[in-house]
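Heads up, the thing below is written out as structure tokens.
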Amino acid sequence: PPLAAASDVQSAQQAMNVTMLHWGFHAWAIYALVGLSLAYFTYSRGLPLTIRSVFYPFFGNRIYSWVGDVIDIFAVLATVFGLATSLGFGVQQVASGLSFVLGIDNGLVTQVSLIAGITLIATISVVSGIQKGVKFLSEMNMRIAVGLLLIIIILGPTVFILNSFIQNTGSYVSHLLTWSPFVGTFIARISKGRTIRQFILGVLIVPTIVTCHWLSAFGSVSILEVMNGNTAIADAVQNDVSTALFVFLETIPFTEAISVLAMCYSLHIGFSQDLKKKKEAEKANTATQAILNSSTNKITSKTNDKVK
């Protein structure tokens, strides 16, 4: 655990180091492991693009039986529970942003309305297909995220952020594991035709660098404000963490405009989470139906044998 005294430079560096440890290489390595396994067995061995295919070396053709169905169901349930947490936090953050910027009450009615709106848009996206709605939401989400990051770097203490990035990179596995079935499947789906070297570079190196830049821009500036005597961000984290982002943005020029952009980003994350939940629920229903059909066929077969 960190041993430095609170509110000094060493403790700030240790705080960012621990954050990088949690969300750096090993985080993306979990996704890379699942994604590479799925990609190999799907595109090189011709197996289905599901988690059961990863267990082919252990179970062989039994992955097509109830054993494989159980594996897929567990993967779906783990993903759904992980996504539910992220969706709930995203809705809470958007509601707090609306209250912080526009003065709208962030109570239960607002949060339920946001969930309903996100669900509606996600449903439309699913119906429109992967190449239209899903692709549009994913690409728009990345554009907003990159735009928000560049705004913070340019309008904030640029030199301090860049220095922090270099220093920080030098030095909830459970949450990552619950996401790995979906993220791994998605990565495998878009990696067809890539070499293993290209896969590792695209999944492990590039996202880690972007993540470190993001954490340096937002985390280091927040710590700098606290070290300079402005404890508003720390107080927001203690009192209501969903408002911390918007309190942080008050330290950046054009606060209201950037806050609206941040809310749009949170909304896009919410759309993505709800969309993923719908897809995973469909997979769960399919896998469950497969188990029921398999059991029914076995019972029918045994009954026919007895009749004969």
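Ligands are numbered from 1 in the order shown, chains are lettered A, B, ... in the order of the structure tokens, and residues start at 1 in each chain.
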Nearby residues (only C-alpha atoms) at most 8 Å from Gly184 (chain A), same-chain spacing under 5 positions excluded, as a VMD selection string | chain A and resid 31 to 36 38
Can you tell me which residues surround region 99-108 of chain A at a distance of at most 12 Å, considering only C-alpha atoms, apart from same-chain residues fewer than 4 positions away, and format the answer as an mmCIF file with N, CA and C atoms, in the first residue's frame?
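Everything below was put into result-v5.cif:
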data_model
loop_
_atom_site.group_PDB
_atom_site.id
_atom_site.type_symbol
_atom_site.label_atom_id
_atom_site.label_comp_id
_atom_site.auth_asym_id
_atom_site.auth_seq_id
_atom_site.Cartn_x
_atom_site.Cartn_y
_atom_site.Cartn_z
ATOM 1 N N VAL A 91 -25.800 6.466 -15.835
ATOM 2 C CA VAL A 91 -27.064 7.200 -15.681
ATOM 3 C C VAL A 91 -26.984 8.171 -14.509
ATOM 4 N N GLN A 92 -26.405 7.722 -13.415
ATOM 5 C CA GLN A 92 -26.257 8.593 -12.248
ATOM 6 C C GLN A 92 -25.393 9.799 -12.578
ATOM 7 N N GLN A 93 -24.329 9.594 -13.355
ATOM 8 C CA GLN A 93 -23.442 10.692 -13.704
ATOM 9 C C GLN A 93 -24.122 11.684 -14.647
ATOM 10 N N VAL A 94 -24.886 11.180 -15.614
ATOM 11 C CA VAL A 94 -25.610 12.074 -16.524
ATOM 12 C C VAL A 94 -26.644 12.891 -15.757
ATOM 13 N N ALA A 95 -27.379 12.230 -14.852
ATOM 14 C CA ALA A 95 -28.380 12.943 -14.054
ATOM 15 C C ALA A 95 -27.725 14.034 -13.211
ATOM 16 N N VAL A 112 -34.821 7.392 -14.048
ATOM 17 C CA VAL A 112 -35.666 6.415 -14.756
ATOM 18 C C VAL A 112 -35.916 6.877 -16.187
ATOM 19 N N SER A 113 -36.132 8.186 -16.364
ATOM 20 C CA SER A 113 -36.348 8.729 -17.711
ATOM 21 C C SER A 113 -35.108 8.524 -18.577
ATOM 22 N N LEU A 114 -33.936 8.731 -17.989
ATOM 23 C CA LEU A 114 -32.693 8.516 -18.735
ATOM 24 C C LEU A 114 -32.540 7.049 -19.136
ATOM 25 N N ILE A 115 -32.854 6.139 -18.205
ATOM 26 C CA ILE A 115 -32.761 4.711 -18.519
ATOM 27 C C ILE A 115 -33.717 4.358 -19.657
ATOM 28 N N ALA A 236 -16.227 16.595 -3.586
ATOM 29 C CA ALA A 236 -17.256 16.031 -4.465
ATOM 30 C C ALA A 236 -17.153 14.513 -4.521
ATOM 31 N N ASP A 240 -20.561 13.017 -3.368
ATOM 32 C CA ASP A 240 -21.325 12.447 -4.492
ATOM 33 C C ASP A 240 -20.382 12.316 -5.669
ATOM 34 N N SER A 242 -20.603 11.111 -8.502
ATOM 35 C CA SER A 242 -21.126 11.347 -9.850
ATOM 36 C C SER A 242 -21.008 12.810 -10.272
ATOM 37 N N THR A 243 -20.804 13.719 -9.306
ATOM 38 C CA THR A 243 -20.641 15.137 -9.640
ATOM 39 C C THR A 243 -19.172 15.540 -9.761
ATOM 40 N N ALA A 244 -18.260 14.629 -9.429
ATOM 41 C CA ALA A 244 -16.831 14.978 -9.390
ATOM 42 C C ALA A 244 -16.323 15.447 -10.746
ATOM 43 N N LEU A 245 -16.784 14.815 -11.825
ATOM 44 C CA LEU A 245 -16.332 15.204 -13.164
ATOM 45 C C LEU A 245 -16.683 16.648 -13.465
ATOM 46 N N PHE A 246 -17.879 17.064 -13.087
ATOM 47 C CA PHE A 246 -18.339 18.415 -13.424
ATOM 48 C C PHE A 246 -17.699 19.461 -12.502
ATOM 49 N N VAL A 247 -17.392 19.072 -11.281
ATOM 50 C CA VAL A 247 -16.630 19.959 -10.400
ATOM 51 C C VAL A 247 -15.218 20.136 -10.961
ATOM 52 N N PHE A 248 -14.653 19.052 -11.464
ATOM 53 C CA PHE A 248 -13.330 19.118 -12.085
ATOM 54 C C PHE A 248 -13.333 20.063 -13.288
ATOM 55 N N LEU A 249 -14.387 19.991 -14.108
ATOM 56 C CA LEU A 249 -14.443 20.807 -15.321
ATOM 57 C C LEU A 249 -14.552 22.297 -15.011
ATOM 58 N N GLU A 250 -14.923 22.642 -13.768
ATOM 59 C CA GLU A 250 -14.944 24.054 -13.386
ATOM 60 C C GLU A 250 -13.547 24.659 -13.363
ATOM 61 N N THR A 255 -16.381 26.063 -19.160
ATOM 62 C CA THR A 255 -16.874 24.974 -18.320
ATOM 63 C C THR A 255 -18.199 24.410 -18.803
ATOM 64 N N GLU A 256 -19.186 25.288 -19.091
ATOM 65 C CA GLU A 256 -20.515 24.803 -19.428
ATOM 66 C C GLU A 256 -20.514 24.005 -20.726
ATOM 67 N N ALA A 257 -19.807 24.504 -21.730
ATOM 68 C CA ALA A 257 -19.764 23.808 -23.018
ATOM 69 C C ALA A 257 -19.104 22.435 -22.872
ATOM 70 N N ILE A 258 -18.008 22.393 -22.126
ATOM 71 C CA ILE A 258 -17.304 21.123 -21.944
ATOM 72 C C ILE A 258 -18.141 20.169 -21.092
ATOM 73 N N SER A 259 -18.888 20.696 -20.135
ATOM 74 C CA SER A 259 -19.755 19.855 -19.308
ATOM 75 C C SER A 259 -20.835 19.192 -20.155
ATOM 76 N N VAL A 260 -21.389 19.949 -21.099
ATOM 77 C CA VAL A 260 -22.380 19.373 -22.011
ATOM 78 C C VAL A 260 -21.747 18.256 -22.833
ATOM 79 N N LEU A 261 -20.524 18.487 -23.308
ATOM 80 C CA LEU A 261 -19.801 17.455 -24.060
ATOM 81 C C LEU A 261 -19.580 16.217 -23.194
ATOM 82 N N ALA A 262 -19.232 16.434 -21.935
ATOM 83 C CA ALA A 262 -19.015 15.304 -21.019
ATOM 84 C C ALA A 262 -20.312 14.526 -20.800
ATOM 85 N N MET A 263 -21.447 15.224 -20.695
ATOM 86 C CA MET A 263 -22.723 14.536 -20.543
ATOM 87 C C MET A 263 -23.058 13.724 -21.789
#
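Among the candidate residues A:Gln13, A:Tyr43, A:Gly24, A:Gly60, the one lying nearest to Arg189 (chain A) is A:Tyr43, with distances computed using only C-alpha atoms.
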Tell me which protein, DNA and RNA residues are within 12 Å of Gly147 (chain A), counting only C-alpha atoms, leaving out same-chain ones fewer than 3 positions away, and put them as a VMD selection string.
-> chain A and resid 140 to 144 150 to 155 214 258 261 to 262 264 to 265
DSSP helix (DSSP H, G or I) residues within region 188-282 of chain A, as a PyMOL selection string = chain A and resi 188-189+196-227+232-239+241-249+255-282
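Using only C-alpha atoms, the smallest distance between any of A:Gly156, A:Gly88, A:Gly117, A:Pro48 and Ser216 (chain A) comes from A:Gly156.
Of note, CA of Ile205 (chain A) and CA of Ala27 (chain A) are spaced 11.2 Å apart.
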